[in-house]
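Asker: Here you go, this is upload-v6.txt (compact mmCIF, C-alpha atoms).
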```
# COMPACT_ATOMS: atom_id res chain seq x y z
CA MET A 1 15.05 16.38 -11.18
CA ARG A 2 12.09 15.16 -13.14
CA ALA A 3 12.19 11.61 -14.43
CA PRO A 4 9.52 11.14 -17.09
CA ALA A 5 7.72 7.86 -17.50
CA GLU A 6 9.44 6.00 -20.30
CA GLN A 7 7.68 6.07 -23.65
CA ALA A 8 6.60 3.08 -25.69
CA GLY A 9 8.78 1.78 -28.50
CA PRO A 10 7.72 1.05 -32.07
CA ALA A 11 5.18 -1.58 -33.01
CA GLY A 12 6.24 -5.22 -32.90
CA PRO A 13 6.70 -7.23 -36.07
CA GLY A 14 3.23 -8.64 -35.88
CA GLY A 15 1.67 -5.21 -35.66
CA TRP A 16 -0.59 -4.02 -32.85
CA SER A 17 -3.99 -4.30 -34.41
CA VAL A 18 -4.46 -8.06 -34.78
CA PRO A 19 -4.09 -10.48 -31.85
CA ALA A 20 -1.45 -13.15 -32.37
CA PRO A 21 -2.14 -16.62 -30.97
CA TRP A 22 0.02 -17.32 -27.89
CA ARG A 23 0.17 -20.77 -26.31
CA VAL A 24 -0.64 -21.23 -22.63
CA THR A 25 2.28 -22.91 -20.89
CA GLY A 26 1.24 -22.47 -17.28
CA ALA A 27 -1.60 -21.36 -15.02
CA ARG A 28 -1.38 -20.90 -11.28
CA ALA A 29 -4.09 -19.83 -8.87
CA GLU A 30 -2.73 -17.01 -6.70
CA THR A 31 -5.91 -16.43 -4.66
CA ARG A 32 -9.57 -17.40 -4.94
CA ASP A 33 -10.09 -14.96 -7.85
CA VAL A 34 -6.60 -14.23 -9.21
CA VAL A 35 -4.69 -16.46 -11.62
CA THR A 36 -1.25 -16.07 -13.17
CA VAL A 37 -1.22 -17.30 -16.76
CA GLU A 38 2.02 -17.91 -18.64
CA LEU A 39 1.82 -17.38 -22.37
CA ALA A 40 4.49 -18.33 -24.90
CA PRO A 41 4.83 -15.83 -27.75
CA PRO A 42 5.14 -17.18 -31.27
CA GLU A 43 8.18 -15.00 -31.88
CA ALA A 44 10.72 -12.98 -29.92
CA PHE A 45 9.04 -10.68 -27.44
CA SER A 46 10.35 -8.08 -25.05
CA PHE A 47 8.69 -5.56 -22.78
CA ARG A 48 9.50 -2.94 -20.21
CA PRO A 49 8.18 -2.94 -16.62
CA GLY A 50 4.75 -1.39 -16.39
CA GLN A 51 3.67 -2.16 -19.95
CA PHE A 52 0.54 -4.14 -20.74
CA ASN A 53 -0.78 -6.52 -23.36
CA MET A 54 -4.27 -6.79 -24.76
CA LEU A 55 -5.40 -10.36 -24.10
CA TYR A 56 -8.17 -11.85 -26.21
CA ALA A 57 -10.26 -14.73 -24.92
CA THR A 58 -11.57 -16.41 -28.04
CA GLY A 59 -15.18 -15.55 -28.72
CA VAL A 60 -15.56 -13.60 -25.46
CA GLY A 61 -13.60 -10.38 -25.71
CA GLU A 62 -10.39 -8.51 -25.13
CA VAL A 63 -9.02 -6.71 -22.06
CA PRO A 64 -5.81 -4.89 -21.10
CA ILE A 65 -3.68 -6.91 -18.69
CA SER A 66 -0.39 -5.71 -17.23
CA ILE A 67 2.59 -7.95 -17.71
CA SER A 68 3.67 -9.33 -14.32
CA GLY A 69 6.80 -11.19 -15.42
CA ASP A 70 10.47 -10.38 -15.14
CA PRO A 71 11.56 -8.32 -18.17
CA ALA A 72 14.99 -10.00 -18.05
CA SER A 73 13.52 -13.49 -18.17
CA PRO A 74 13.15 -14.98 -21.65
CA GLY A 75 10.39 -17.44 -22.40
CA PRO A 76 6.72 -17.43 -21.50
CA VAL A 77 5.30 -14.09 -20.41
CA ARG A 78 3.40 -13.86 -17.11
CA HIS A 79 0.07 -12.11 -16.79
CA THR A 80 -1.68 -12.00 -13.43
CA ILE A 81 -5.42 -11.68 -13.92
CA ARG A 82 -8.29 -11.04 -11.53
CA ASP A 83 -11.63 -12.54 -12.43
CA VAL A 84 -13.96 -9.53 -12.54
CA GLY A 85 -16.11 -10.24 -15.58
CA PRO A 86 -16.72 -12.53 -18.57
CA VAL A 87 -13.41 -11.91 -20.37
CA THR A 88 -11.16 -12.13 -17.35
CA ARG A 89 -13.10 -15.20 -16.20
CA ALA A 90 -12.35 -16.89 -19.52
CA LEU A 91 -8.69 -15.87 -19.25
CA CYS A 92 -8.48 -17.16 -15.68
CA ALA A 93 -9.87 -20.48 -16.92
CA LEU A 94 -7.02 -20.94 -19.44
CA ARG A 95 -4.96 -24.05 -18.90
CA PRO A 96 -1.69 -25.33 -20.41
CA GLY A 97 -2.22 -26.34 -24.01
CA GLY A 98 -4.83 -23.63 -24.49
CA GLN A 99 -4.42 -20.43 -26.39
CA ALA A 100 -5.08 -16.70 -26.05
CA GLY A 101 -4.85 -13.85 -28.52
CA VAL A 102 -2.26 -11.23 -27.63
CA ARG A 103 -1.51 -7.72 -28.85
CA GLY A 104 1.27 -5.69 -27.35
CA PRO A 105 3.25 -4.62 -25.51
CA PHE A 106 1.68 -1.22 -25.08
CA GLY A 107 2.25 1.91 -23.09
CA THR A 108 4.83 3.66 -21.00
CA SER A 109 6.99 2.02 -18.36
CA TRP A 110 8.29 2.64 -14.85
CA PRO A 111 11.44 4.80 -14.80
CA VAL A 112 13.24 2.21 -12.70
CA ALA A 113 16.75 3.32 -13.63
CA SER A 114 16.05 6.96 -12.76
CA ALA A 115 15.51 5.94 -9.12
CA GLU A 116 19.05 4.54 -8.87
CA GLY A 117 21.22 6.19 -6.26
CA GLY A 118 18.20 6.86 -4.04
CA ASP A 119 15.33 5.05 -2.37
CA LEU A 120 12.73 3.27 -4.48
CA VAL A 121 9.36 3.02 -2.76
CA ILE A 122 6.83 0.76 -4.44
CA VAL A 123 3.27 1.20 -3.21
CA ALA A 124 0.76 -1.45 -4.22
CA GLY A 125 -2.86 -2.07 -3.38
CA GLY A 126 -4.73 -5.27 -4.22
CA ILE A 127 -4.32 -6.32 -7.86
CA GLY A 128 -1.94 -3.35 -8.22
CA LEU A 129 1.02 -5.52 -7.26
CA PRO A 130 1.34 -7.47 -10.57
CA PRO A 131 2.05 -4.36 -12.72
CA LEU A 132 4.77 -3.45 -10.22
CA ARG A 133 6.37 -6.87 -10.05
CA PRO A 134 8.48 -6.33 -13.21
CA ALA A 135 9.82 -3.07 -11.72
CA LEU A 136 10.64 -4.91 -8.48
CA CYS A 137 12.45 -7.65 -10.44
CA GLN A 138 14.45 -5.06 -12.35
CA ALA A 139 15.36 -3.04 -9.25
CA LEU A 140 16.30 -6.09 -7.18
CA ALA A 141 18.50 -7.35 -10.03
CA ARG A 142 20.54 -4.19 -9.48
CA ARG A 143 19.94 -3.97 -5.73
CA GLY A 144 23.31 -2.37 -5.08
CA ALA A 145 22.39 0.61 -7.24
CA TYR A 146 19.74 1.73 -4.74
CA ARG A 147 19.80 2.74 -1.11
CA ARG A 148 16.50 1.29 0.07
CA VAL A 149 14.05 -0.71 -2.02
CA MET A 150 10.74 -0.74 -0.18
CA LEU A 151 7.43 -2.38 -0.94
CA LEU A 152 4.37 -1.04 0.89
CA TYR A 153 1.54 -3.39 0.02
CA GLY A 154 -2.06 -3.62 1.12
CA ALA A 155 -4.86 -6.02 0.36
CA ARG A 156 -8.39 -6.65 1.48
CA THR A 157 -7.69 -9.74 3.59
CA PRO A 158 -4.72 -12.07 4.17
CA ALA A 159 -6.24 -14.50 1.65
CA ASP A 160 -6.06 -11.81 -1.04
CA LEU A 161 -2.32 -11.21 -0.73
CA LEU A 162 -0.38 -12.05 -3.89
CA PHE A 163 3.10 -13.53 -4.37
CA THR A 164 3.56 -14.05 -0.61
CA GLU A 165 6.21 -16.77 -0.92
CA GLU A 166 8.17 -14.77 -3.44
CA LEU A 167 7.97 -11.63 -1.28
CA ALA A 168 9.27 -13.59 1.70
CA GLY A 169 12.18 -14.80 -0.44
CA TRP A 170 12.97 -11.29 -1.65
CA ARG A 171 12.92 -10.04 1.93
CA ARG A 172 15.39 -12.74 2.99
CA ARG A 173 17.71 -12.79 0.03
CA SER A 174 17.46 -9.52 -1.87
CA GLY A 175 17.24 -6.81 0.75
CA LEU A 176 13.66 -5.87 0.00
CA ALA A 177 12.03 -4.00 2.89
CA ALA A 178 8.40 -5.07 2.64
CA GLU A 179 5.59 -3.77 4.84
CA ILE A 180 2.29 -5.52 4.31
CA THR A 181 -1.10 -4.66 5.70
CA VAL A 182 -4.67 -5.84 5.23
CA ASP A 183 -7.98 -4.03 5.64
CA ALA A 184 -9.47 -6.88 7.63
CA GLY A 185 -7.50 -9.48 9.54
CA THR A 186 -8.35 -13.06 10.34
CA PRO A 187 -7.67 -14.99 13.57
CA ASP A 188 -4.54 -16.58 12.07
CA TRP A 189 -3.16 -13.29 10.69
CA HIS A 190 -0.36 -11.85 12.83
CA GLY A 191 0.62 -9.03 10.51
CA ASP A 192 -0.62 -5.46 10.29
CA VAL A 193 -4.25 -4.42 9.98
CA GLY A 194 -4.70 -0.97 8.48
CA VAL A 195 -4.33 0.94 5.24
CA VAL A 196 -1.43 1.53 2.86
CA PRO A 197 -1.19 5.33 3.37
CA ASP A 198 -0.42 4.67 7.04
CA LEU A 199 2.51 2.48 5.96
CA ILE A 200 3.85 5.45 4.00
CA GLY A 201 3.45 7.71 7.02
CA ARG A 202 5.68 5.55 9.16
CA ALA A 203 8.24 4.53 6.52
CA GLN A 204 10.60 7.36 7.54
CA LEU A 205 11.22 8.36 3.94
CA ASP A 206 14.10 10.53 2.90
CA PRO A 207 11.98 12.72 0.62
CA GLY A 208 14.81 14.26 -1.38
CA LEU A 209 16.02 10.81 -2.39
CA THR A 210 12.73 9.01 -2.83
CA THR A 211 11.09 7.87 -6.06
CA ALA A 212 7.68 6.28 -5.64
CA PHE A 213 5.69 4.01 -7.96
CA ILE A 214 2.03 3.47 -7.09
CA VAL A 215 -0.63 1.10 -8.41
CA GLY A 216 -3.98 0.33 -6.88
CA PRO A 217 -7.59 1.47 -6.91
CA GLU A 218 -7.68 5.20 -7.67
CA ILE A 219 -9.01 6.11 -4.23
CA MET A 220 -6.13 4.26 -2.62
CA MET A 221 -3.65 5.96 -4.95
CA ARG A 222 -5.11 9.37 -4.09
CA PHE A 223 -4.55 8.80 -0.38
CA ALA A 224 -1.14 7.26 -1.01
CA VAL A 225 -0.09 10.35 -2.97
CA ARG A 226 -1.29 12.58 -0.12
CA ALA A 227 0.82 10.60 2.33
CA LEU A 228 3.88 10.82 0.05
CA LEU A 229 3.40 14.57 -0.40
CA ALA A 230 2.98 14.96 3.37
CA ALA A 231 6.30 13.14 3.76
CA GLY A 232 7.86 15.71 1.42
CA VAL A 233 8.27 13.61 -1.73
CA SER A 234 8.25 15.75 -4.88
CA THR A 235 5.32 15.49 -7.30
CA SER A 236 7.88 14.93 -10.05
CA ARG A 237 9.15 11.76 -8.39
CA ILE A 238 5.78 10.11 -7.87
CA PHE A 239 4.55 7.83 -10.68
CA LEU A 240 1.16 6.20 -11.05
CA SER A 241 -0.26 3.57 -13.35
CA LEU A 242 -3.72 4.53 -14.62
CA GLU A 243 -5.72 1.97 -16.54
CA ARG A 244 -9.09 3.52 -17.32
CA ASN A 245 -11.28 2.08 -20.07
CA MET A 246 -8.57 0.92 -22.44
CA GLU A 247 -10.05 -0.69 -25.52
CA CYS A 248 -8.12 -0.20 -28.76
CA ALA A 249 -4.71 0.23 -27.07
CA VAL A 250 -3.45 2.15 -30.13
CA ALA A 251 -4.70 5.66 -29.27
CA MET A 252 -7.51 5.52 -31.81
CA CYS A 253 -10.79 5.02 -29.97
CA GLY A 254 -10.37 7.70 -27.31
CA HIS A 255 -12.11 5.68 -24.59
CA CYS A 256 -9.15 5.94 -22.25
CA GLN A 257 -8.75 9.69 -22.64
CA LEU A 258 -7.94 11.60 -19.47
CA GLY A 259 -7.60 15.29 -20.32
CA PRO A 260 -4.80 15.54 -22.87
CA PHE A 261 -3.67 11.96 -22.26
CA LEU A 262 -4.68 8.80 -24.07
CA LEU A 263 -3.76 6.38 -21.33
CA CYS A 264 -3.07 3.44 -23.63
CA ARG A 265 -0.38 5.47 -25.40
CA ASP A 266 0.70 8.17 -22.91
CA GLY A 267 0.20 5.85 -19.95
CA PRO A 268 -0.44 3.66 -18.13
CA VAL A 269 2.60 4.97 -16.22
CA LEU A 270 2.43 8.72 -15.74
CA CYS A 271 4.23 11.21 -13.58
CA TYR A 272 1.91 12.59 -10.90
CA ARG A 273 3.02 16.15 -11.61
CA GLU A 274 1.69 15.90 -15.16
CA VAL A 275 -1.54 14.08 -14.45
CA ALA A 276 -2.57 15.62 -11.11
CA PRO A 277 -4.78 18.43 -12.52
CA TRP A 278 -6.79 15.91 -14.52
CA LEU A 279 -7.26 13.50 -11.64
CA ARG A 280 -9.04 16.29 -9.79
CA VAL A 281 -11.67 16.74 -12.54
CA ARG A 282 -14.65 14.75 -11.33
CA GLU A 283 -16.31 14.51 -14.75
CA LEU A 284 -13.32 12.71 -16.31
CA MET B 1 16.41 15.97 32.64
CA ASP B 2 15.09 12.60 33.80
CA SER B 3 14.91 9.53 31.56
CA PHE B 4 11.16 9.85 30.92
CA GLU B 5 11.59 13.43 29.82
CA ARG B 6 14.31 12.35 27.41
CA LEU B 7 12.19 9.50 26.05
CA LEU B 8 9.16 11.70 25.57
CA ARG B 9 11.21 14.44 23.91
CA GLY B 10 12.50 11.90 21.39
CA HIS B 11 9.02 10.69 20.47
CA GLY B 12 7.22 12.20 17.46
CA PHE B 13 3.94 12.55 19.33
CA PHE B 14 5.47 15.13 21.65
CA HIS B 15 7.51 16.94 18.98
CA GLY B 16 7.52 20.68 19.61
CA LEU B 17 5.86 20.47 23.02
CA ASP B 18 6.91 23.17 25.47
CA PRO B 19 9.82 21.72 27.53
CA ALA B 20 8.06 22.73 30.75
CA TYR B 21 5.09 20.58 29.74
CA LEU B 22 7.39 17.70 28.84
CA SER B 23 8.78 17.82 32.33
CA LEU B 24 5.28 17.89 33.73
CA LEU B 25 4.20 14.91 31.60
CA ALA B 26 7.29 12.98 32.63
CA GLY B 27 6.01 13.23 36.19
CA CYS B 28 2.95 11.21 35.15
CA ALA B 29 4.92 8.51 33.27
CA ARG B 30 5.94 4.97 34.10
CA ASN B 31 7.55 2.14 32.16
CA VAL B 32 5.41 -0.89 31.33
CA ARG B 33 6.00 -4.22 29.58
CA PHE B 34 3.52 -6.67 28.13
CA GLY B 35 4.22 -10.20 26.98
CA SER B 36 2.99 -11.37 23.60
CA GLY B 37 -0.71 -12.18 23.82
CA THR B 38 -1.35 -10.20 26.99
CA PHE B 39 -3.62 -7.18 27.12
CA LEU B 40 -2.74 -3.55 27.71
CA PHE B 41 -6.40 -3.02 28.49
CA ARG B 42 -9.78 -4.65 27.93
CA GLU B 43 -13.05 -3.23 26.69
CA SER B 44 -15.24 -1.60 29.40
CA GLU B 45 -12.46 -1.45 31.97
CA PRO B 46 -11.70 1.97 33.48
CA ALA B 47 -9.43 3.98 31.15
CA GLY B 48 -6.93 5.76 33.32
CA GLU B 49 -3.89 6.12 31.06
CA PHE B 50 -2.55 6.12 27.53
CA PHE B 51 0.47 4.35 26.05
CA VAL B 52 3.40 5.43 23.93
CA LEU B 53 4.81 2.30 22.28
CA ARG B 54 8.59 2.08 22.41
CA GLU B 55 8.81 -1.43 21.05
CA GLY B 56 6.43 -4.05 19.72
CA LYS B 57 3.03 -4.03 18.06
CA VAL B 58 -0.47 -3.88 19.54
CA ALA B 59 -3.76 -5.04 18.01
CA LEU B 60 -6.90 -3.06 18.77
CA GLU B 61 -9.69 -5.58 18.68
CA ILE B 62 -13.20 -6.34 19.75
CA ALA B 63 -14.58 -9.69 20.83
CA ALA B 64 -17.55 -10.96 18.85
CA PRO B 65 -19.65 -13.95 19.88
CA GLU B 66 -18.93 -16.97 17.67
CA ARG B 67 -16.37 -14.99 15.65
CA GLY B 68 -13.68 -14.48 18.24
CA PRO B 69 -11.57 -11.34 18.42
CA LEU B 70 -11.86 -9.04 15.38
CA VAL B 71 -8.80 -6.88 14.83
CA VAL B 72 -9.77 -3.35 13.86
CA GLN B 73 -6.25 -2.00 13.53
CA THR B 74 -2.70 -2.71 14.55
CA VAL B 75 -0.53 0.00 16.07
CA PRO B 76 3.20 -0.35 15.48
CA GLU B 77 6.23 0.69 17.47
CA GLY B 78 6.20 4.45 17.87
CA GLY B 79 2.41 4.60 17.93
CA VAL B 80 0.18 6.05 20.63
CA ILE B 81 -2.73 4.08 22.07
CA GLY B 82 -5.66 5.22 24.16
CA PHE B 83 -8.09 8.15 23.86
CA SER B 84 -10.65 7.01 26.39
CA TRP B 85 -8.84 8.50 29.38
CA LEU B 86 -9.76 11.92 27.90
CA PHE B 87 -13.51 11.46 27.68
CA GLU B 88 -16.35 10.46 29.97
CA PRO B 89 -17.10 7.78 31.03
CA HIS B 90 -13.35 6.98 30.93
CA ARG B 91 -13.76 3.36 29.91
CA TRP B 92 -11.93 1.52 27.12
CA GLU B 93 -13.90 0.98 23.92
CA PHE B 94 -11.71 -1.87 22.59
CA ASP B 95 -9.30 -4.53 23.73
CA ALA B 96 -5.61 -3.78 23.16
CA ARG B 97 -3.53 -6.96 22.81
CA ALA B 98 0.23 -7.15 22.52
CA VAL B 99 0.88 -9.00 19.24
CA GLU B 100 4.55 -9.24 20.18
CA PRO B 101 6.45 -8.28 23.33
CA VAL B 102 5.72 -4.62 24.04
CA ARG B 103 7.66 -1.98 25.92
CA ALA B 104 5.80 1.26 26.45
CA ILE B 105 5.53 4.38 28.51
CA ALA B 106 2.18 4.63 30.29
CA LEU B 107 1.02 8.14 31.10
CA ASP B 108 -1.39 8.56 33.98
CA GLY B 109 -4.56 10.08 32.51
CA VAL B 110 -6.10 11.00 35.84
CA CYS B 111 -2.99 12.97 36.74
CA LEU B 112 -2.93 14.55 33.24
CA ARG B 113 -6.60 15.47 33.25
CA GLY B 114 -6.03 17.41 36.46
CA LYS B 115 -3.06 19.25 34.95
CA CYS B 116 -5.03 20.03 31.77
CA GLU B 117 -7.88 21.44 33.84
CA GLN B 118 -5.45 23.70 35.64
CA ASP B 119 -3.67 24.79 32.45
CA PRO B 120 -5.97 24.97 29.39
CA ARG B 121 -2.99 25.73 27.11
CA LEU B 122 -1.58 22.30 27.96
CA GLY B 123 -5.05 20.81 27.54
CA TYR B 124 -5.48 22.38 24.09
CA ASP B 125 -2.03 21.29 22.97
CA LEU B 126 -2.60 17.69 24.06
CA MET B 127 -6.10 17.68 22.59
CA GLN B 128 -4.69 18.78 19.21
CA ARG B 129 -2.15 15.98 19.27
CA PHE B 130 -4.77 13.36 20.08
CA ALA B 131 -7.19 14.84 17.55
CA ARG B 132 -4.55 14.49 14.81
CA ILE B 133 -4.21 10.78 15.54
CA ALA B 134 -7.97 10.37 15.81
CA VAL B 135 -8.46 12.00 12.39
CA GLN B 136 -5.77 9.80 10.86
CA ARG B 137 -7.50 6.70 12.25
CA LEU B 138 -10.88 7.97 11.08
CA GLN B 139 -9.48 8.38 7.55
CA ALA B 140 -8.04 4.88 7.68
CA THR B 141 -11.38 3.51 8.86
CA ARG B 142 -13.17 5.30 6.02
CA LEU B 143 -10.79 3.76 3.50
CA GLN B 144 -11.38 0.32 5.03
CA LEU B 145 -15.15 0.88 4.87
CA LEU B 146 -14.94 1.90 1.22
CA ASP B 147 -13.56 -1.58 0.51
CA VAL B 148 -11.51 -0.15 -2.35
CA TYR B 149 -10.03 -3.52 -3.27
CA GLY B 150 -13.42 -5.14 -3.52
CA HIS B 151 -14.53 -3.14 -6.57
CA ALA B 152 -12.30 -3.86 -9.53
CA GLY B 153 -14.43 -2.89 -12.50
CA THR B 154 -15.59 -5.39 -15.08
CA GLY B 155 -14.14 -7.01 -18.14
```
Give the structure from the file, written as structure tokens.
Answerer:
Amino acid sequence: MRAPAEQAGPAGPGGWSVPAPWRVTGARAETRDVVTVELAPPEAFSFRPGQFNMLYATGVGEVPISISGDPASPGPVRHTIRDVGPVTRALCALRPGGQAGVRGPFGTSWPVASAEGGDLVIVAGGIGLPPLRPALCQALARRGAYRRVMLLYGARTPADLLFTEELAGWRRRSGLAAEITVDAGTPDWHGDVGVVPDLIGRAQLDPGLTTAFIVGPEIMMRFAVRALLAAGVSTSRIFLSLERNMECAVAMCGHCQLGPFLLCRDGPVLCYREVAPWLRVREL
Amino acid sequence: MDSFERLLRGHGFFHGLDPAYLSLLAGCARNVRFGSGTFLFRESEPAGEFFVLREGKVALEIAAPERGPLVVQTVPEGGVIGFSWLFEPHRWEFDARAVEPVRAIALDGVCLRGKCEQDPRLGYDLMQRFARIAVQRLQATRLQLLDVYGHAGTG
């Protein structure tokens, strides 16, 4: 059975074209170059797991950032941001009392409910974990509705792993089966060294009952998909988040076009079966 | 059927292997245990066997002056360790350290090489199985070398 990525809802009351000022209520360094910023919306705000906001750093620029908070949690909205350029650097430097411009939420969401009754396998690489965190929160809140909930997570080094304390808590209390690996270990690292696709290969998946969500660098996702397909998982039950070149976020500028898809509107969450032919086109 | 034959039959690496060959391989097998922190083998030592991990995890690593041991990969329970017994000069290329207590079946490579020489069909079958693992590890190494997490665009 095919479970489509869930479509975006209508525009919020403030509209989607002008950033609204949101107050910074918290900022926490996750790693040397990743910060989680909590922003309080000026009015009621809701989102679905996998959606993103456009965050505007005053006078610097605007970038798409996935929401990393729990959709069921009212209050400030979490965004986990990696410092990779001028705008994200300015956003990472935000501190409580500061302000950022926000448009959103945008895009499609993870079909978390459609995985109920089976195994949910969440595959994350690097900064790909934050867009999956809301889906994890939602699935673990209804843990009994699933057979296995697995997280297969890889990062560059142990120091680059995100949410480690929270993951340990989820493992202990919520029945999350988490396998974590790094590309390069350190002398004090006693976990796995290797790549995420190898975690998939040894996860002993029940392919007929598995739904997989993947976020990470596109090369990693390509190899992760291969490993899932080799394990027998259907293309219609593999979902990816693609975040190429989003700028307007309202399907107007065309910069995020991938074949027939405008990723800001039709994505970021897409079913692999639908998007696979376009991922193979090198020029796109 | 002896216990080694049963153990090997139940392991994915030997899936589909001719039962007669399984019996033959079982004749070259022995049980081994390694405490956490001890070594299955060390770089440059003679490589006379390979290991099928039944329990525990092993780190493949290389010692670097002033940097200590660098872990290249970890191999979990169910994994297979050791290609060097197949190829000249039959010496280990890396250290293999038990990260946690390890139980394994060690298969005598010298004994197996002789049997493969006598029966090329067995040799080809085993070579295919080892080649599959080698390719998988090569792909993993390529992904690690690409440093995919290190390049996150700009913005």
Asker: Please identify all residues of chain A having at least one atom at most 10 Å from any atom of chain B, considering all atoms listed in the file, and return them as a JSON list (two decimals) with C-alpha atoms, keeping the file's coordinate frame.
Answerer:
```
[["chain", "number", "residue", "atom", "x", "y", "z"],
["A", 60, "VAL", "CA", -15.56, -13.60, -25.46],
["A", 61, "GLY", "CA", -13.60, -10.38, -25.71],
["A", 62, "GLU", "CA", -10.39, -8.51, -25.13],
["A", 63, "VAL", "CA", -9.02, -6.71, -22.06],
["A", 64, "PRO", "CA", -5.81, -4.89, -21.10],
["A", 82, "ARG", "CA", -8.29, -11.04, -11.53],
["A", 83, "ASP", "CA", -11.63, -12.54, -12.43],
["A", 84, "VAL", "CA", -13.96, -9.53, -12.54],
["A", 85, "GLY", "CA", -16.11, -10.24, -15.58],
["A", 86, "PRO", "CA", -16.72, -12.53, -18.57],
["A", 87, "VAL", "CA", -13.41, -11.91, -20.37],
["A", 88, "THR", "CA", -11.16, -12.13, -17.35],
["A", 89, "ARG", "CA", -13.10, -15.20, -16.20],
["A", 125, "GLY", "CA", -2.86, -2.07, -3.38],
["A", 126, "GLY", "CA", -4.73, -5.27, -4.22],
["A", 127, "ILE", "CA", -4.32, -6.32, -7.86],
["A", 128, "GLY", "CA", -1.94, -3.35, -8.22],
["A", 154, "GLY", "CA", -2.06, -3.62, 1.12],
["A", 155, "ALA", "CA", -4.86, -6.02, 0.36],
["A", 156, "ARG", "CA", -8.39, -6.65, 1.48],
["A", 157, "THR", "CA", -7.69, -9.74, 3.59],
["A", 160, "ASP", "CA", -6.06, -11.81, -1.04],
["A", 181, "THR", "CA", -1.10, -4.66, 5.70],
["A", 182, "VAL", "CA", -4.67, -5.84, 5.23],
["A", 183, "ASP", "CA", -7.98, -4.03, 5.64],
["A", 184, "ALA", "CA", -9.47, -6.88, 7.63],
["A", 185, "GLY", "CA", -7.50, -9.48, 9.54],
["A", 186, "THR", "CA", -8.35, -13.06, 10.34],
["A", 187, "PRO", "CA", -7.67, -14.99, 13.57],
["A", 189, "TRP", "CA", -3.16, -13.29, 10.69],
["A", 190, "HIS", "CA", -0.36, -11.85, 12.83],
["A", 191, "GLY", "CA", 0.62, -9.03, 10.51],
["A", 192, "ASP", "CA", -0.62, -5.46, 10.29],
["A", 193, "VAL", "CA", -4.25, -4.42, 9.98],
["A", 194, "GLY", "CA", -4.70, -0.97, 8.48],
["A", 195, "VAL", "CA", -4.33, 0.94, 5.24],
["A", 196, "VAL", "CA", -1.43, 1.53, 2.86],
["A", 197, "PRO", "CA", -1.19, 5.33, 3.37],
["A", 198, "ASP", "CA", -0.42, 4.67, 7.04],
["A", 199, "LEU", "CA", 2.51, 2.48, 5.96],
["A", 202, "ARG", "CA", 5.68, 5.55, 9.16],
["A", 216, "GLY", "CA", -3.98, 0.33, -6.88],
["A", 217, "PRO", "CA", -7.59, 1.47, -6.91],
["A", 218, "GLU", "CA", -7.68, 5.20, -7.67],
["A", 219, "ILE", "CA", -9.01, 6.11, -4.23],
["A", 220, "MET", "CA", -6.13, 4.26, -2.62],
["A", 223, "PHE", "CA", -4.55, 8.80, -0.38],
["A", 244, "ARG", "CA", -9.09, 3.52, -17.32],
["A", 245, "ASN", "CA", -11.28, 2.08, -20.07]]
```
Asker: May I ask for the distance between CA of Glu274 in chain A and CA of Thr235 in chain A, given in Å to one decimal place?
Answerer: 8.7 Å
Asker: Could you name the residues that touch Val52 in chain B at 9 Å or less, counting all atoms listed in the file, but leaving out those on the same chain fewer than 5 positions away, as a ChimeraX atom specification?
Answerer: /B:8,11,13,77-81,103-107
Asker: Might you pull out every residue within 8 Å of range 68-78 of chain A, with only C-alpha atoms counted and same-chain residues fewer than 4 positions away left off, and present them as JSON, numbers by chain?
Answerer: {"A": [25, 36, 37, 38, 39, 40, 41, 46, 47, 48, 49, 130, 131, 132, 133, 134, 137, 138]}
Asker: Tell me, in Å to one decimal, how far CA of Ile81 in chain A is from CA of Ser66 in chain A.
Answerer: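 Pair CA of Ile81 in chain A / CA of Ser66 in chain A returns 8.5 Å.
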Asker: May I ask which of the residues A:Ala113, A:Phe213, A:Gly101, A:Met54 is the closest one to Leu151 in chain A, counting all atoms listed in the file?
Answerer: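 Distance minimum relative to Leu151 in chain A lands on A:Phe213.
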Asker: Looking at A:Glu30, A:Asp266, A:Glu243, A:Glu116, which one is nearest to Arg143 in chain A, with distances taken over all atoms listed in the file?
Answerer: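 Comparing A:Glu30, A:Asp266, A:Glu243, A:Glu116 against Arg143 in chain A, the winner is A:Glu116.
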Asker: Mind giving me the straight-line distance from CA of Ala115 in chain A to CA of Gly267 in chain A in Å, one decimal?
Answerer: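 Separation between CA of Ala115 in chain A and CA of Gly267 in chain A: 18.8 Å.
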Asker: Using only C-alpha atoms, give me every residue within 9 Å of (2.3, 16.4, -7.6) in file coordinates, as a PyMOL selection string.
Answerer: chain A and resi 225+229+233-238+271-277
Asker: Using all atoms listed in the file for the distances, tell me which of B:Glu5, B:Arg54, B:Gly48, B:Phe14 is nearest to Glu88 in chain B.
Answerer: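 Checking each of B:Glu5, B:Arg54, B:Gly48, B:Phe14 against Glu88 in chain B, counting all atoms listed in the file, the winner is B:Gly48.
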Asker: Near Asp95 in chain B, counting all atoms listed in the file, which residues have an atom at most 7 Å away, once you skip same-chain residues fewer than 4 positions from it, shown as a list of chain:residue names?
Answerer: B:Phe41, B:Arg42, B:Glu43, B:Leu60, B:Glu61, B:Ile62
Asker: Counting all atoms listed in the file, what is within 12 Å of Val110 in chain B, bar same-chain residues fewer than 2 positions away, as a PyMOL selection string?
Answerer: chain B and resi 25+28-29+46-50+84-88+90+106-108+112-117
Asker: Find the residues near Pro19 in chain B: any atom within 9 Å, counting all atoms listed in the file, skip ones fewer than 4 places away on the same chain, and give them as a PyMOL selection string.
Answerer: chain B and resi 5+9+23-24
